[in-house]
Amino acid sequence: MQPLIDNARTFGQRPEEFAKLADGQSPEVLFITCSDSRVVPALITGARPGQLFELRTAGNIVPPYVSAPPTGEAATIEYAVEVLGVQDIVVCGHSHCGAVGALVRGDDLDSVPAVRAWLAHAADEPPVTDTGDPTVARAVQHHVLAQLLRLRSYPCVEKRLADGRLRVRGWYYEVHTGAVREHRADTDSFEAL
């Protein structure tokens, strides 16, 4: 913790770098990814403050859209699309994902009931792959595509996709190599950016 505290102490000593951020934000991308500490959107993309609007959930799950009561995830997506006017939404899954791995392996989650209930929101069960593969790559990629389908059902996303003001993208990040792949509809595969 101490290195983080030390950096936080010196971080604000460059006010000229941050002054313009007080004028507001205008990110072009909503980046939906996992809460996993190894996945850092700004590092992956090279984004500076104000360039990405982020939504992080366990397993980068996009829950089903419900209007009442609204979820924090739905509010974040709606705000990004309707108020900020993002032009792209990226759903980024990652290798070695504990959430997807738990689904694939059928882990007993009785001791973590909130996690178990949250993972029930996965759009569909990832395909069973080699349960000994720690990357769970195929299952994570399938999971990303399922979340993209779920995202497309949100009214604000559906409307912006229809009028051409929004694009959705599926990414897969390898934590052990740093490689990023994007789903290509024409080949139905994840390929290097």
# chains A, B, ... in the order shown; residues from 1 in each chain; ligands from 1
call {"tool": "select_by_dssp", "arguments": {"residues": "chain A", "states": "helix (DSSP H, G or I)", "output": "PyMOL selection string"}}
result
chain A and resi 2-11+15-23+41-45+58-60+72-83+98-105+113-119+137-152+155-162
call {"tool": "select_by_dssp", "arguments": {"residues": "region 15-69 of chain A", "states": "strand (DSSP E)", "output": "list in words"}}
result
Val29, Leu30, Phe31, Ile32, Thr33, Cys34, Leu52, Phe53, Glu54, Leu55, Arg56 and Thr57 of chain A
call {"tool": "closest_residue", "arguments": {"among": "A:Val168, A:Leu21, A:Ala47, A:Val140", "to": "His94 (chain A)", "atoms": "only C-alpha atoms"}}
result
A:Val140
call {"tool": "closest_residue", "arguments": {"among": "A:Trp118, A:Phe31, A:Tyr154, A:Phe190", "to": "Arg138 (chain A)", "atoms": "only C-alpha atoms"}}
result
A:Phe190
call {"tool": "atom_distance", "arguments": {"atom1": "CA of Glu174 (chain A)", "atom2": "CA of Pro49 (chain A)"}}
result
23.5 Å
call {"tool": "closest_atom_pairs", "arguments": {"of": "region 40-74 of chain A", "to": "region 142-146 of chain A", "cutoff": "12 Å", "atoms": "only C-alpha atoms", "output": "Markdown table"}}
result
| residue | atom | partner | partner_atom | distance |
| --- | --- | --- | --- | --- |
| A:Gly59 | CA | A:His143 | CA | 8.9 |
| A:Asn60 | CA | A:Val144 | CA | 8.0 |
| A:Ile61 | CA | A:Val144 | CA | 8.5 |
| A:Val62 | CA | A:Ala146 | CA | 9.1 |
| A:Pro63 | CA | A:Ala146 | CA | 10.8 |
| A:Pro64 | CA | A:Ala146 | CA | 11.3 |
call {"tool": "write_last_selection", "arguments": {"atoms": "N, CA, C and O atoms", "output": "PDB file, in the first residue's frame"}}
result
ATOM      1  N   GLY A  59     -16.243 -10.093 -14.000  1.00  0.00           N
ATOM      2  CA  GLY A  59     -16.478 -10.858 -15.214  1.00  0.00           C
ATOM      3  C   GLY A  59     -16.959 -10.038 -16.391  1.00  0.00           C
ATOM      4  O   GLY A  59     -17.491 -10.597 -17.342  1.00  0.00           O
ATOM      5  N   ASN A  60     -16.773  -8.731 -16.374  1.00  0.00           N
ATOM      6  CA  ASN A  60     -17.264  -7.813 -17.411  1.00  0.00           C
ATOM      7  C   ASN A  60     -18.689  -8.176 -17.858  1.00  0.00           C
ATOM      8  O   ASN A  60     -19.031  -8.132 -19.029  1.00  0.00           O
ATOM      9  N   ILE A  61     -19.510  -8.500 -16.873  1.00  0.00           N
ATOM     10  CA  ILE A  61     -20.894  -8.880 -17.164  1.00  0.00           C
ATOM     11  C   ILE A  61     -21.742  -7.639 -17.387  1.00  0.00           C
ATOM     12  O   ILE A  61     -21.701  -6.683 -16.613  1.00  0.00           O
ATOM     13  N   VAL A  62     -22.499  -7.655 -18.476  1.00  0.00           N
ATOM     14  CA  VAL A  62     -23.516  -6.649 -18.749  1.00  0.00           C
ATOM     15  C   VAL A  62     -24.833  -7.299 -18.340  1.00  0.00           C
ATOM     16  O   VAL A  62     -25.299  -8.230 -19.001  1.00  0.00           O
ATOM     17  N   PRO A  63     -25.436  -6.847 -17.238  1.00  0.00           N
ATOM     18  CA  PRO A  63     -26.666  -7.509 -16.777  1.00  0.00           C
ATOM     19  C   PRO A  63     -27.835  -7.202 -17.711  1.00  0.00           C
ATOM     20  O   PRO A  63     -27.791  -6.242 -18.476  1.00  0.00           O
ATOM     21  N   PRO A  64     -28.895  -7.996 -17.635  1.00  0.00           N
ATOM     22  CA  PRO A  64     -30.072  -7.709 -18.459  1.00  0.00           C
ATOM     23  C   PRO A  64     -30.587  -6.303 -18.167  1.00  0.00           C
ATOM     24  O   PRO A  64     -30.539  -5.833 -17.031  1.00  0.00           O
TER      25      PRO A  64
END
call {"tool": "closest_residue", "arguments": {"among": "A:Pro69, A:Gly85, A:Gly178, A:Gly12", "to": "Glu28 (chain A)", "atoms": "only C-alpha atoms"}}
result
A:Gly85
call {"tool": "residues_around", "arguments": {"residues": "Val175 (chain A)", "least_positions_apart": "5", "cutoff": "8 Å", "atoms": "only C-alpha atoms", "output": "VMD selection string"}}
result
chain A and resid 38 to 39 94 to 96
call {"tool": "residues_around", "arguments": {"residues": "Leu55 (chain A)", "least_positions_apart": "2", "cutoff": "9 Å", "atoms": "only C-alpha atoms", "output": "PyMOL selection string"}}
result
chain A and resi 30-35+53+57+60+73+76-77
call {"tool": "write_last_selection", "arguments": {"atoms": "N, CA, C and O atoms", "output": "mmCIF file, in the first residue's frame"}}
result
data_model
loop_
_atom_site.group_PDB
_atom_site.id
_atom_site.type_symbol
_atom_site.label_atom_id
_atom_site.label_comp_id
_atom_site.auth_asym_id
_atom_site.auth_seq_id
_atom_site.Cartn_x
_atom_site.Cartn_y
_atom_site.Cartn_z
ATOM 1 N N LEU A 30 -16.814 4.119 -24.262
ATOM 2 C CA LEU A 30 -17.183 3.475 -23.010
ATOM 3 C C LEU A 30 -16.459 2.136 -23.021
ATOM 4 O O LEU A 30 -16.617 1.349 -23.958
ATOM 5 N N PHE A 31 -15.653 1.884 -22.006
ATOM 6 C CA PHE A 31 -14.847 0.667 -21.923
ATOM 7 C C PHE A 31 -15.408 -0.181 -20.796
ATOM 8 O O PHE A 31 -15.304 0.180 -19.623
ATOM 9 N N ILE A 32 -16.030 -1.303 -21.147
ATOM 10 C CA ILE A 32 -16.619 -2.208 -20.170
ATOM 11 C C ILE A 32 -15.666 -3.383 -20.009
ATOM 12 O O ILE A 32 -15.375 -4.086 -20.988
ATOM 13 N N THR A 33 -15.185 -3.566 -18.806
ATOM 14 C CA THR A 33 -14.251 -4.653 -18.575
ATOM 15 C C THR A 33 -14.411 -5.199 -17.172
ATOM 16 O O THR A 33 -15.228 -4.723 -16.389
ATOM 17 N N CYS A 34 -13.594 -6.179 -16.874
ATOM 18 C CA CYS A 34 -13.634 -6.862 -15.590
ATOM 19 C C CYS A 34 -13.006 -6.003 -14.490
ATOM 20 O O CYS A 34 -12.148 -5.162 -14.749
ATOM 21 N N SER A 35 -13.413 -6.270 -13.272
ATOM 22 C CA SER A 35 -12.839 -5.586 -12.116
ATOM 23 C C SER A 35 -11.444 -6.096 -11.775
ATOM 24 O O SER A 35 -10.783 -5.530 -10.908
ATOM 25 N N PHE A 53 -14.533 6.386 -20.651
ATOM 26 C CA PHE A 53 -15.535 6.273 -19.605
ATOM 27 C C PHE A 53 -15.577 4.793 -19.289
ATOM 28 O O PHE A 53 -15.739 3.965 -20.192
ATOM 29 N N THR A 57 -17.045 -4.468 -13.989
ATOM 30 C CA THR A 57 -17.874 -5.394 -13.233
ATOM 31 C C THR A 57 -17.141 -6.729 -13.142
ATOM 32 O O THR A 57 -16.313 -7.050 -13.987
ATOM 33 N N ASN A 60 -16.773 -8.731 -16.374
ATOM 34 C CA ASN A 60 -17.264 -7.813 -17.411
ATOM 35 C C ASN A 60 -18.689 -8.176 -17.858
ATOM 36 O O ASN A 60 -19.031 -8.132 -19.029
ATOM 37 N N GLU A 73 -25.139 -0.425 -13.601
ATOM 38 C CA GLU A 73 -24.551 -0.705 -14.910
ATOM 39 C C GLU A 73 -25.385 -0.067 -16.017
ATOM 40 O O GLU A 73 -24.846 0.566 -16.929
ATOM 41 N N THR A 76 -24.882 3.666 -16.031
ATOM 42 C CA THR A 76 -23.584 4.042 -16.597
ATOM 43 C C THR A 76 -23.616 3.961 -18.117
ATOM 44 O O THR A 76 -23.139 4.866 -18.814
ATOM 45 N N ILE A 77 -24.182 2.894 -18.651
ATOM 46 C CA ILE A 77 -24.266 2.735 -20.105
ATOM 47 C C ILE A 77 -25.133 3.837 -20.706
ATOM 48 O O ILE A 77 -24.756 4.473 -21.695
#
call {"tool": "residues_around", "arguments": {"residues": "Leu148 (chain A)", "least_positions_apart": "6", "cutoff": "8 Å", "atoms": "only C-alpha atoms", "output": "NGL selection string"}}
result
:A and (91 or 168-170)
call {"tool": "write_last_selection", "arguments": {"atoms": "C-alpha atoms", "output": "PDB file, in the first residue's frame"}}
result
ATOM      1  CA  VAL A  91     -16.497  -4.989 -24.022  1.00  0.00           C
ATOM      2  CA  VAL A 168     -19.760  -1.946 -30.301  1.00  0.00           C
ATOM      3  CA  ARG A 169     -16.556  -3.947 -30.192  1.00  0.00           C
ATOM      4  CA  GLY A 170     -15.479  -7.142 -28.478  1.00  0.00           C
TER       5      GLY A 170
END
call {"tool": "atom_distance", "arguments": {"atom1": "CA of Ile5 (chain A)", "atom2": "CA of Asp36 (chain A)"}}
result
20.5 Å
call {"tool": "residues_around", "arguments": {"residues": "Val115 (chain A)", "least_positions_apart": "2", "cutoff": "12 Å", "atoms": "only C-alpha atoms", "output": "NGL selection string"}}
result
:A and (57-59 or 61 or 98-100 or 102-103 or 107-113 or 117-122)
call {"tool": "atom_distance", "arguments": {"atom1": "CA of Ile89 (chain A)", "atom2": "CA of Ser26 (chain A)"}}
result
14.0 Å
call {"tool": "closest_residue", "arguments": {"among": "A:Leu4, A:Cys156, A:Thr135, A:Pro27", "to": "Thr177 (chain A)", "atoms": "only C-alpha atoms"}}
result
A:Thr135
call {"tool": "closest_residue", "arguments": {"among": "A:Gln2, A:Gln51, A:Gln147, A:Ser67", "to": "Gly24 (chain A)", "atoms": "only C-alpha atoms"}}
result
A:Gln51
call {"tool": "decode", "arguments": {"residues": "region 180-192 of chain A", "atoms": "N, CA and C atoms", "output": "short mmCIF file (atom, residue, chain, number, x, y, z; two decimals), in the first residue's frame"}}
result
data_model
loop_
_atom_site.label_atom_id
_atom_site.label_comp_id
_atom_site.auth_asym_id
_atom_site.auth_seq_id
_atom_site.Cartn_x
_atom_site.Cartn_y
_atom_site.Cartn_z
N VAL A 180 -3.75 -7.83 -27.40
CA VAL A 180 -5.17 -7.49 -27.46
C VAL A 180 -5.69 -7.96 -28.81
N ARG A 181 -6.81 -8.65 -28.77
CA ARG A 181 -7.45 -9.13 -30.00
C ARG A 181 -8.88 -8.58 -30.06
N GLU A 182 -9.35 -8.35 -31.27
CA GLU A 182 -10.71 -7.85 -31.46
C GLU A 182 -11.51 -8.86 -32.28
N HIS A 183 -12.78 -9.00 -31.92
CA HIS A 183 -13.64 -9.90 -32.68
C HIS A 183 -13.92 -9.29 -34.05
N ARG A 184 -13.74 -10.09 -35.07
CA ARG A 184 -14.04 -9.69 -36.45
C ARG A 184 -15.25 -10.49 -36.91
N ALA A 185 -16.32 -9.79 -37.24
CA ALA A 185 -17.56 -10.46 -37.65
C ALA A 185 -17.38 -11.26 -38.93
N ASP A 186 -16.54 -10.76 -39.84
CA ASP A 186 -16.40 -11.44 -41.13
C ASP A 186 -15.75 -12.82 -41.00
N THR A 187 -14.90 -12.99 -40.00
CA THR A 187 -14.25 -14.29 -39.80
C THR A 187 -14.74 -14.99 -38.54
N ASP A 188 -15.58 -14.30 -37.77
CA ASP A 188 -16.08 -14.80 -36.48
C ASP A 188 -14.92 -15.32 -35.61
N SER A 189 -13.87 -14.50 -35.55
CA SER A 189 -12.72 -14.87 -34.73
C SER A 189 -12.13 -13.62 -34.10
N PHE A 190 -11.35 -13.84 -33.04
CA PHE A 190 -10.64 -12.74 -32.39
C PHE A 190 -9.26 -12.66 -33.02
N GLU A 191 -8.95 -11.51 -33.59
CA GLU A 191 -7.69 -11.31 -34.30
C GLU A 191 -6.96 -10.11 -33.72
N ALA A 192 -5.64 -10.08 -33.92
CA ALA A 192 -4.82 -8.98 -33.41
C ALA A 192 -5.34 -7.65 -33.95
#
